[in-house]
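Colleague: Quick one, target05.txt (compact mmCIF, C-alpha atoms):
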# COMPACT_ATOMS: atom_id res chain seq x y z
CA MET A 735 -27.19 -82.62 23.12
CA SER A 736 -30.47 -80.70 23.36
CA ILE A 737 -31.63 -77.42 21.95
CA ARG A 738 -31.41 -74.61 24.50
CA ALA A 739 -32.68 -71.03 24.32
CA VAL A 740 -30.54 -68.10 25.44
CA ARG A 741 -31.98 -64.62 25.74
CA GLY A 742 -30.23 -61.29 25.85
CA ALA A 743 -30.66 -57.57 25.28
CA THR A 744 -28.68 -54.37 25.15
CA THR A 745 -29.22 -50.70 24.46
CA VAL A 746 -27.40 -48.49 21.96
CA LYS A 747 -26.34 -44.88 22.53
CA GLU A 748 -26.83 -43.63 18.97
CA ASN A 749 -28.65 -44.70 15.85
CA THR A 750 -25.61 -45.41 13.68
CA LYS A 751 -24.50 -48.55 11.89
CA GLU A 752 -21.23 -48.64 13.85
CA ALA A 753 -22.95 -48.36 17.25
CA ILE A 754 -25.62 -50.96 16.45
CA LEU A 755 -23.13 -53.54 15.15
CA PHE A 756 -20.64 -52.91 17.97
CA GLU A 757 -23.17 -53.28 20.80
CA THR A 758 -24.91 -56.26 19.18
CA GLY A 759 -21.59 -57.98 18.54
CA TYR A 760 -20.51 -57.38 22.12
CA LEU A 761 -23.81 -58.82 23.42
CA LEU A 762 -23.40 -61.94 21.27
CA LYS A 763 -19.82 -62.45 22.43
CA GLU A 764 -20.91 -62.16 26.07
CA ILE A 765 -23.68 -64.73 25.54
CA MET A 766 -21.23 -67.11 23.86
CA GLU A 767 -18.56 -66.69 26.54
CA LYS A 768 -20.85 -66.99 29.55
CA ASN A 769 -22.38 -70.18 28.16
CA SER A 770 -19.13 -71.66 26.78
CA LEU A 771 -20.58 -71.76 23.26
CA LYS A 772 -18.69 -72.04 19.99
CA ASN A 773 -19.89 -70.58 16.70
CA GLU A 774 -20.86 -74.02 15.44
CA ASP A 775 -23.11 -74.55 18.49
CA VAL A 776 -25.48 -71.78 17.35
CA ILE A 777 -28.52 -73.02 15.41
CA SER A 778 -30.35 -69.74 14.89
CA ILE A 779 -30.70 -66.24 16.29
CA MET A 780 -33.74 -63.98 16.21
CA PHE A 781 -33.10 -60.25 16.61
CA THR A 782 -35.60 -57.50 17.40
CA ALA A 783 -34.88 -53.78 17.49
CA THR A 784 -36.94 -50.80 18.56
CA ASP A 785 -38.09 -48.49 15.78
CA ASP A 786 -35.56 -45.79 16.73
CA LEU A 787 -32.74 -48.06 15.49
CA ASN A 788 -32.98 -48.18 11.70
CA THR A 789 -29.51 -47.67 10.23
CA ALA A 790 -28.39 -51.32 10.31
CA TYR A 791 -29.71 -54.85 10.73
CA PRO A 792 -28.45 -56.20 14.08
CA ALA A 793 -28.12 -59.65 12.50
CA ALA A 794 -25.15 -58.37 10.49
CA ALA A 795 -23.15 -58.32 13.73
CA ALA A 796 -23.40 -62.12 13.98
CA ARG A 797 -21.71 -62.58 10.63
CA LYS A 798 -19.13 -59.96 11.55
CA ILE A 799 -18.01 -61.94 14.61
CA GLY A 800 -17.87 -65.27 12.76
CA ILE A 801 -21.30 -66.86 13.30
CA THR A 802 -21.71 -67.89 9.66
CA ASN A 803 -23.79 -71.08 9.62
CA ALA A 804 -26.70 -70.16 11.89
CA GLY A 805 -30.03 -68.94 10.60
CA LEU A 806 -30.59 -65.25 11.34
CA LEU A 807 -33.86 -63.34 11.53
CA ASP A 808 -34.44 -59.60 12.02
CA TYR A 809 -37.80 -58.27 13.23
CA PRO A 810 -39.03 -54.85 14.34
CA GLU A 811 -39.99 -54.82 18.01
CA LEU A 812 -43.59 -54.25 18.94
CA LYS A 813 -43.92 -50.68 20.16
CA VAL A 814 -45.05 -50.60 23.80
CA ALA A 815 -45.80 -47.45 25.79
CA GLY A 816 -43.06 -46.88 28.34
CA GLY A 817 -40.81 -49.51 26.79
CA LEU A 818 -37.03 -49.20 26.51
CA LYS A 819 -35.72 -47.00 23.73
CA MET A 820 -32.84 -47.89 21.38
CA CYS A 821 -33.00 -51.51 22.48
CA ILE A 822 -31.90 -54.70 20.73
CA ARG A 823 -33.00 -58.13 21.95
CA VAL A 824 -31.84 -61.57 20.87
CA LEU A 825 -33.18 -65.10 21.20
CA MET A 826 -30.45 -67.63 20.42
CA LEU A 827 -31.14 -71.32 19.90
CA THR A 828 -28.11 -73.47 20.56
CA GLU A 829 -26.92 -77.01 21.02
CA ALA A 830 -25.76 -77.05 24.63
CA ILE A 831 -24.89 -79.77 27.10
CA VAL A 832 -26.09 -77.94 30.22
CA PRO A 833 -29.77 -77.98 31.31
CA GLN A 834 -31.92 -75.01 30.35
CA SER A 835 -32.01 -73.99 34.02
CA GLU A 836 -28.24 -73.43 33.94
CA ILE A 837 -28.24 -71.27 30.81
CA LYS A 838 -26.96 -67.76 31.52
CA HIS A 839 -28.98 -64.99 29.93
CA VAL A 840 -27.20 -61.69 29.33
CA TYR A 841 -28.57 -58.16 29.68
CA LEU A 842 -26.23 -55.22 29.14
CA ASN A 843 -26.22 -51.41 29.37
CA GLY A 844 -29.72 -49.94 29.85
CA ALA A 845 -31.33 -53.33 29.16
CA ARG A 846 -30.13 -54.54 32.55
CA VAL A 847 -33.34 -53.12 34.03
CA LEU A 848 -35.27 -55.81 32.14
CA ARG A 849 -33.78 -58.47 34.40
CA THR A 850 -33.14 -57.01 37.82
CA ASP A 851 -33.12 -60.55 39.20
CA LEU A 852 -29.88 -61.19 37.31
CA LEU A 853 -28.45 -57.93 38.60
CA ARG A 854 -29.10 -58.89 42.21
CA ASP A 855 -27.50 -62.27 41.68
CA GLU A 856 -24.39 -60.69 40.21
CA ASN A 857 -24.16 -58.17 43.07
CA ARG A 858 -21.65 -56.09 41.13
CA VAL A 859 -20.99 -52.36 41.35
CA ALA A 860 -19.26 -50.34 38.66
CA VAL A 861 -17.69 -46.98 39.54
CA ALA A 862 -16.75 -44.60 36.71
CA LEU A 863 -14.10 -42.03 37.58
CA ASP A 864 -13.48 -39.47 34.83
CA GLY A 865 -11.48 -36.28 34.56
CA PRO A 866 -8.59 -34.52 32.85
CA ALA A 867 -4.89 -35.41 33.16
CA GLY A 868 -3.37 -34.88 36.59
CA SER A 869 -6.67 -34.66 38.46
CA GLY A 870 -5.61 -37.57 40.68
CA LYS A 871 -7.96 -40.20 39.27
CA SER A 872 -5.50 -43.12 39.34
CA THR A 873 -4.28 -42.40 42.87
CA ILE A 874 -7.82 -42.09 44.23
CA ALA A 875 -9.15 -45.09 42.31
CA LYS A 876 -6.43 -47.33 43.79
CA LEU A 877 -7.21 -46.17 47.32
CA VAL A 878 -10.96 -46.62 46.92
CA ALA A 879 -10.47 -50.06 45.36
CA LYS A 880 -8.25 -51.12 48.26
CA GLU A 881 -10.69 -49.90 50.91
CA LEU A 882 -13.78 -51.49 49.34
CA GLY A 883 -12.20 -54.59 47.84
CA PHE A 884 -13.01 -53.56 44.25
CA THR A 885 -10.83 -54.26 41.23
CA TYR A 886 -9.09 -51.17 39.89
CA ILE A 887 -8.83 -50.84 36.10
CA ASP A 888 -6.43 -48.15 34.87
CA THR A 889 -7.75 -47.53 31.35
CA GLY A 890 -5.13 -44.84 30.76
CA ALA A 891 -2.40 -47.45 31.14
CA MET A 892 -3.95 -49.35 28.24
CA TYR A 893 -3.73 -46.34 25.90
CA ARG A 894 -0.24 -45.65 27.19
CA SER A 895 0.68 -49.24 26.34
CA VAL A 896 -0.43 -48.70 22.74
CA ALA A 897 1.57 -45.45 22.59
CA PHE A 898 4.63 -47.15 24.10
CA TYR A 899 4.36 -49.92 21.49
CA CYS A 900 4.34 -47.32 18.72
CA ILE A 901 7.35 -45.48 20.13
CA ASP A 902 9.25 -48.72 20.74
CA LYS A 903 8.58 -49.96 17.19
CA ASP A 904 9.27 -46.58 15.52
CA ILE A 905 5.64 -46.27 14.45
CA ASP A 906 4.41 -42.70 13.96
CA TYR A 907 1.55 -42.47 16.46
CA ASN A 908 0.31 -39.36 14.64
CA ASN A 909 -0.41 -41.57 11.61
CA GLU A 910 -3.81 -43.12 12.32
CA LEU A 911 -3.70 -45.62 9.45
CA GLU A 912 -0.27 -46.86 10.47
CA VAL A 913 -1.31 -47.33 14.09
CA ILE A 914 -4.52 -49.14 13.13
CA SER A 915 -2.62 -51.46 10.79
CA ARG A 916 -0.61 -52.72 13.78
CA LEU A 917 -3.46 -53.14 16.28
CA ASP A 918 -3.67 -56.89 15.75
CA ASP A 919 -0.02 -57.13 16.84
CA ILE A 920 -0.79 -55.58 20.22
CA SER A 921 -1.83 -57.72 23.19
CA ILE A 922 -2.46 -56.08 26.56
CA THR A 923 -2.84 -58.17 29.72
CA ILE A 924 -3.63 -56.91 33.22
CA LEU A 925 -1.78 -58.86 35.89
CA SER A 926 -3.21 -58.33 39.40
CA THR A 927 -0.95 -58.72 42.40
CA LYS A 928 -1.64 -58.09 46.09
CA LYS A 929 0.03 -54.67 45.92
CA GLU A 930 -0.82 -53.38 42.45
CA GLN A 931 -1.70 -54.14 38.86
CA ARG A 932 0.99 -54.71 36.26
CA TYR A 933 0.46 -54.18 32.56
CA LEU A 934 1.93 -56.66 30.11
CA LEU A 935 2.45 -55.60 26.52
CA ASN A 936 2.83 -58.68 24.34
CA GLY A 937 3.97 -60.54 27.44
CA ASP A 938 6.48 -57.92 28.66
CA ASP A 939 5.87 -55.90 31.84
CA VAL A 940 5.89 -52.25 30.76
CA THR A 941 4.13 -50.77 33.81
CA ASP A 942 7.11 -48.66 34.91
CA LEU A 943 7.71 -47.30 31.40
CA LEU A 944 4.32 -45.72 30.79
CA ARG A 945 4.51 -42.35 32.59
CA SER A 946 7.02 -40.37 30.53
CA PRO A 947 5.83 -37.14 28.83
CA GLU A 948 6.43 -38.71 25.40
CA VAL A 949 4.24 -41.71 26.20
CA SER A 950 1.61 -39.37 27.71
CA GLU A 951 1.46 -37.33 24.52
CA GLY A 952 1.29 -40.48 22.41
CA ALA A 953 -1.48 -41.93 24.57
CA SER A 954 -3.60 -38.82 24.10
CA LYS A 955 -3.13 -39.11 20.34
CA VAL A 956 -3.85 -42.84 19.89
CA ALA A 957 -6.85 -42.48 22.22
CA SER A 958 -8.46 -40.26 19.57
CA TYR A 959 -8.51 -43.13 17.05
CA LYS A 960 -11.84 -44.93 16.92
CA ALA A 961 -10.38 -48.38 16.17
CA VAL A 962 -8.01 -48.13 19.13
CA ARG A 963 -10.81 -47.12 21.49
CA GLU A 964 -13.11 -49.91 20.29
CA LYS A 965 -10.40 -52.52 20.87
CA LEU A 966 -9.64 -51.31 24.40
CA VAL A 967 -13.25 -50.56 25.38
CA ALA A 968 -14.14 -54.19 24.68
CA ILE A 969 -11.41 -55.29 27.11
CA GLN A 970 -12.54 -52.76 29.72
CA ARG A 971 -16.19 -53.80 29.53
CA GLU A 972 -15.24 -57.44 29.82
CA CYS A 973 -13.37 -56.67 33.05
CA ALA A 974 -16.39 -54.83 34.48
CA SER A 975 -18.77 -57.66 33.56
CA LYS A 976 -17.06 -60.08 35.93
CA GLN A 977 -16.54 -58.13 39.17
CA SER A 978 -17.05 -54.90 41.08
CA VAL A 979 -14.69 -52.37 39.54
CA ILE A 980 -13.56 -48.79 39.79
CA MET A 981 -12.37 -47.59 36.42
CA ASP A 982 -10.75 -44.26 35.64
CA GLY A 983 -10.27 -42.52 32.32
CA ARG A 984 -11.73 -39.86 30.05
CA ASP A 985 -15.00 -41.42 28.83
CA ILE A 986 -15.83 -44.14 31.35
CA GLY A 987 -19.16 -42.68 32.44
CA THR A 988 -20.18 -41.52 28.98
CA ASN A 989 -19.06 -44.44 26.82
CA VAL A 990 -17.25 -47.38 28.42
CA LEU A 991 -19.66 -47.89 31.35
CA PRO A 992 -22.61 -45.57 30.60
CA ASN A 993 -24.75 -47.44 33.14
CA ALA A 994 -22.20 -47.44 35.94
CA GLU A 995 -23.91 -47.30 39.32
CA VAL A 996 -21.63 -44.50 40.59
CA LYS A 997 -20.09 -41.77 38.42
CA VAL A 998 -17.70 -39.03 39.56
CA PHE A 999 -16.01 -36.40 37.38
CA MET A 1000 -12.83 -35.14 39.06
CA ASP A 1001 -11.41 -31.78 38.04
CA GLY A 1002 -8.98 -29.15 39.31
CA ASN A 1003 -7.11 -26.10 38.05
CA VAL A 1004 -4.39 -26.92 35.55
CA GLU A 1005 -1.52 -25.50 37.62
CA GLU A 1006 -2.35 -27.70 40.59
CA ARG A 1007 -2.73 -30.74 38.36
CA ALA A 1008 0.66 -30.08 36.76
CA LYS A 1009 2.25 -29.70 40.20
CA ARG A 1010 0.86 -33.06 41.31
CA ARG A 1011 2.05 -34.83 38.18
CA PHE A 1012 5.52 -33.23 38.45
CA GLU A 1013 5.88 -34.40 42.06
CA GLU A 1014 4.68 -37.88 41.11
CA LEU A 1015 7.31 -38.17 38.36
CA GLU A 1016 10.03 -36.81 40.65
CA LEU A 1017 9.32 -39.56 43.18
CA LYS A 1018 9.69 -42.12 40.39
CA GLY A 1019 13.04 -40.65 39.36
CA ILE A 1020 11.79 -39.37 35.99
CA THR A 1021 13.67 -36.22 34.98
CA THR A 1022 11.51 -33.38 33.67
CA THR A 1023 10.46 -29.82 34.58
CA TYR A 1024 7.27 -28.34 35.94
CA GLU A 1025 6.98 -26.16 32.80
CA GLU A 1026 7.18 -29.23 30.54
CA ILE A 1027 4.50 -31.01 32.55
CA LEU A 1028 2.24 -27.93 32.53
CA GLU A 1029 2.46 -27.64 28.74
CA ASP A 1030 1.95 -31.39 28.35
CA ILE A 1031 -1.22 -31.31 30.46
CA LYS A 1032 -2.60 -28.27 28.64
CA LYS A 1033 -2.03 -30.05 25.32
CA ARG A 1034 -3.65 -33.24 26.62
CA ASP A 1035 -6.64 -31.30 27.94
CA TYR A 1036 -7.20 -29.80 24.50
CA ASN A 1037 -6.71 -33.08 22.62
CA ASP A 1038 -8.88 -35.09 25.00
CA SER A 1039 -11.78 -32.63 24.98
CA HIS A 1040 -11.67 -31.97 21.22
CA ARG A 1041 -11.20 -35.47 19.82
CA GLU A 1042 -14.03 -36.58 17.55
CA TYR A 1043 -14.68 -39.98 19.09
CA ASN A 1044 -15.97 -39.92 22.69
CA PRO A 1045 -14.20 -36.78 23.93
CA LEU A 1046 -13.54 -35.95 27.56
CA ARG A 1047 -16.75 -34.59 29.07
CA ARG A 1048 -18.77 -34.95 32.23
CA ALA A 1049 -21.65 -37.43 32.07
CA GLU A 1050 -24.99 -35.81 32.83
CA ASP A 1051 -25.49 -38.06 35.86
CA ALA A 1052 -21.93 -37.75 37.20
CA VAL A 1053 -21.09 -35.92 40.42
CA LEU A 1054 -18.67 -33.03 39.75
CA LEU A 1055 -15.81 -32.94 42.25
CA ASP A 1056 -13.27 -30.10 42.22
CA THR A 1057 -10.18 -31.52 43.91
CA THR A 1058 -8.00 -28.39 43.69
CA TYR A 1059 -8.04 -27.70 47.42
CA MET A 1060 -8.82 -31.20 48.66
CA SER A 1061 -6.36 -33.66 50.14
CA ILE A 1062 -6.03 -37.18 48.77
CA GLU A 1063 -7.72 -38.54 51.88
CA GLU A 1064 -10.65 -36.12 51.55
CA VAL A 1065 -11.23 -37.06 47.92
CA LYS A 1066 -10.99 -40.77 48.69
CA ASP A 1067 -13.46 -40.50 51.59
CA TYR A 1068 -15.91 -38.51 49.47
CA ILE A 1069 -16.01 -41.15 46.72
CA VAL A 1070 -16.23 -44.02 49.20
CA GLU A 1071 -19.26 -42.30 50.74
CA GLU A 1072 -20.87 -41.91 47.29
CA ILE A 1073 -20.48 -45.66 46.73
CA LYS A 1074 -21.81 -46.53 50.20
CA LYS A 1075 -24.74 -44.19 49.60
CA TYR A 1076 -25.61 -46.16 46.46
CA LEU A 1077 -25.31 -49.48 48.28
CA LYS A 1078 -27.64 -48.28 51.04
CA GLU A 1079 -30.21 -47.20 48.44
CA GLU A 1080 -30.06 -50.67 46.94
Here is a file; write its structure as structure tokens.
Modeller:
Amino acid sequence: MSIRAVRGATTVKENTKEAILFETGYLLKEIMEKNSLKNEDVISIMFTATDDLNTAYPAAAARKIGITNAGLLDYPELKVAGGLKMCIRVLMLTEAIVPQSEIKHVYLNGARVLRTDLLRDENRVAVALDGPAGSGKSTIAKLVAKELGFTYIDTGAMYRSVAFYCIDKDIDYNNELEVISRLDDISITILSTKKEQRYLLNGDDVTDLLRSPEVSEGASKVASYKAVREKLVAIQRECASKQSVIMDGRDIGTNVLPNAEVKVFMDGNVEERAKRRFEELELKGITTTYEEILEDIKKRDYNDSHREYNPLRRAEDAVLLDTTYMSIEEVKDYIVEEIKKYLKEE
């Protein structure tokens, strides 16, 4: 084996210990995975951080993810006019079998602009579709994905899967500590078929059990827990790193994929959203009332927009689309055109 050098960089949204360690850890995991490296293959890692990141040493993330025998060095980054802000870079020396020319360097979030050559090679597009409950995000995302050949990732189904697990196991989803204590027991797998995506919870297909009002309420609650969001965000980002995706949720454009190439925030008046959700459940044979759905959506709107960790809000660079008086086809066509517009600009 020979010593190989792997480079990488990422940006961080806020100068907090949690954000620095999370983003650095995610970058290291991506480098390891893309280059088929094990912890024992790492000889040393040098970290640099811009001077606006000073609440934690990035190197601590390596120990946190199990890289315990490598030498670690932290340095402040030389301040350069016009340089990236809130940026962490790594230089990893490893024992690798592949030639240096085949090493895969990894640049994430805002740091992707440092290596546009890698971006062109990947030729991936990420679409972030955010909005409140019942705004039609899932329906539209599936249609857009089908038309453009993208992979659709229903992030809401992941939170619903956690809520369903809690309900099924008689765990109080209002008890944050109890939910967090069981997170390691939860495994969520996305199974893609030609017609749709199925969600497996610990190996069992629960896709058709995730749309009841009780599960909806539970999903809104568990989604407010930081540990739950961090676990699922890591899965979501991993999906987006491998293919062109359209992802819908509450904080895709602001947190999960902050550098998504296309961002749309879908909204609509609450009565119309409740009507759509009621009709959707009726078609699936789920017994409920319009009044129950309306109250459920109002409650979810409040919880989602007032939660402490990454609440529902429109990203500054997201297009606002009011779908109240638009047909499904009109909404789908609008978003497809936004994506095509981006591709033409490229």
Colleague: Quick one: residues within 9 Å of Leu1055 (chain A), all atoms listed in the file, excluding same-chain residues fewer than 6 positions away - as a PyMOL selection string?
Modeller: chain A and resi 998-1002+1065
Colleague: Could you give me, as a ChimeraX atom specification, the residues that sit within 6 Å of (-36.7, -55.8, 18.8) in the file's coordinates, counting only C-alpha atoms?
Modeller: /A:782-784,810-811,822-823
Colleague: Near Tyr809 (chain A), counting only C-alpha atoms, which residues have an atom at most 12 Å away, once you skip same-chain residues fewer than 3 positions from it, shown as a list in words?
Modeller: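 What passes the distance filter is Ile779, Met780, Phe781, Thr782, Ala783, Thr784, Asp785, Leu787, Asn788, Tyr791, Pro792, Ala793, Leu806, Leu812, Lys813, Ile822, Arg823, Val824 and Leu825 of chain A.
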Colleague: One number please: CA of Gly890 (chain A) to CA of Lys903 (chain A), in Å, one decimal.
Modeller: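 Computing the Euclidean distance for CA of Gly890 (chain A) and CA of Lys903 (chain A) yields 20.0 Å.
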Colleague: Taking into account all atoms listed in the file, which residue in the set A:Glu1014, A:Asp808, A:Glu1064, A:Asp775 is nearest to Arg945 (chain A)?
Modeller: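 Ranking A:Glu1014, A:Asp808, A:Glu1064, A:Asp775 by distance to Arg945 (chain A), first place goes to A:Glu1014.
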Colleague: Taking only C-alpha atoms into account, name the residue in A:Ala974, A:Val861, A:Met892, A:Ala875 that is nearest to Thr923 (chain A).
Modeller: A:Met892
Colleague: Write out as a PyMOL selection string which residues come within 7 Å of Val776 (chain A) when counting all atoms listed in the file, dropping same-chain ones fewer than 4 positions away.
Modeller: chain A and resi 804+827-829
Colleague: Please build the interface table for region 804-891 of chain A against region 933-941 of chain A with a cut-off of 12 Å, listing for each qualifying residue the nearest atom pair and the distance in Å to one decimal; count only C-alpha atoms, order rows by chain and increasing number, and write it as a tab-separated table.
Modeller:
residue	atom	partner	partner_atom	distance
A:Ile887	CA	A:Tyr933	CA	10.5
A:Asp888	CA	A:Tyr933	CA	9.4
A:Thr889	CA	A:Tyr933	CA	10.6
A:Gly890	CA	A:Tyr933	CA	11.0
A:Ala891	CA	A:Tyr933	CA	7.4
Colleague: So the first atom is CA of Pro866 (chain A) and the second is CA of Lys997 (chain A); what is the distance between them in Å, to one decimal place?
Modeller: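 Separating CA of Pro866 (chain A) from CA of Lys997 (chain A) is a distance of 14.7 Å.
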Colleague: Return the single residue from A:Leu807, A:Lys876, A:Asn1037, A:Val962 that is closest to Val913 (chain A), with distances computed using all atoms listed in the file.
Modeller: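 Answer, going by the shortest atom-to-atom distance: A:Val962.
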Colleague: For the atom pair CA of Glu1006 (chain A) and CA of Arg1034 (chain A), what is the interatomic distance in Å to one decimal place?
Modeller: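 So the answer is 15.1 Å.
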Colleague: Could you give me, as a PyMOL selection string, the residues within 9 Å of Val990 (chain A), counting all atoms listed in the file and dropping anything in the same chain fewer than 5 positions from it?
Modeller: chain A and resi 862+967-968+970-971+985
Colleague: Sorted by chain and rising residue number, which residues of region 943-994 of chain A lie within 12 Å of region 740-749 of chain A, and what are their closest atom pairs and distances in Å to one decimal, counting all atoms listed in the file, as a Markdown table?
Modeller:
| residue | atom | partner | partner_atom | distance |
| --- | --- | --- | --- | --- |
| A:Thr988 | CA | A:Lys747 | CA | 9.5 |
| A:Asn989 | CA | A:Lys747 | CA | 8.5 |
| A:Val990 | CA | A:Lys747 | CA | 11.1 |
| A:Leu991 | CA | A:Lys747 | CA | 11.5 |
| A:Pro992 | CA | A:Lys747 | CA | 8.9 |
| A:Asn993 | CA | A:Thr745 | CA | 10.3 |
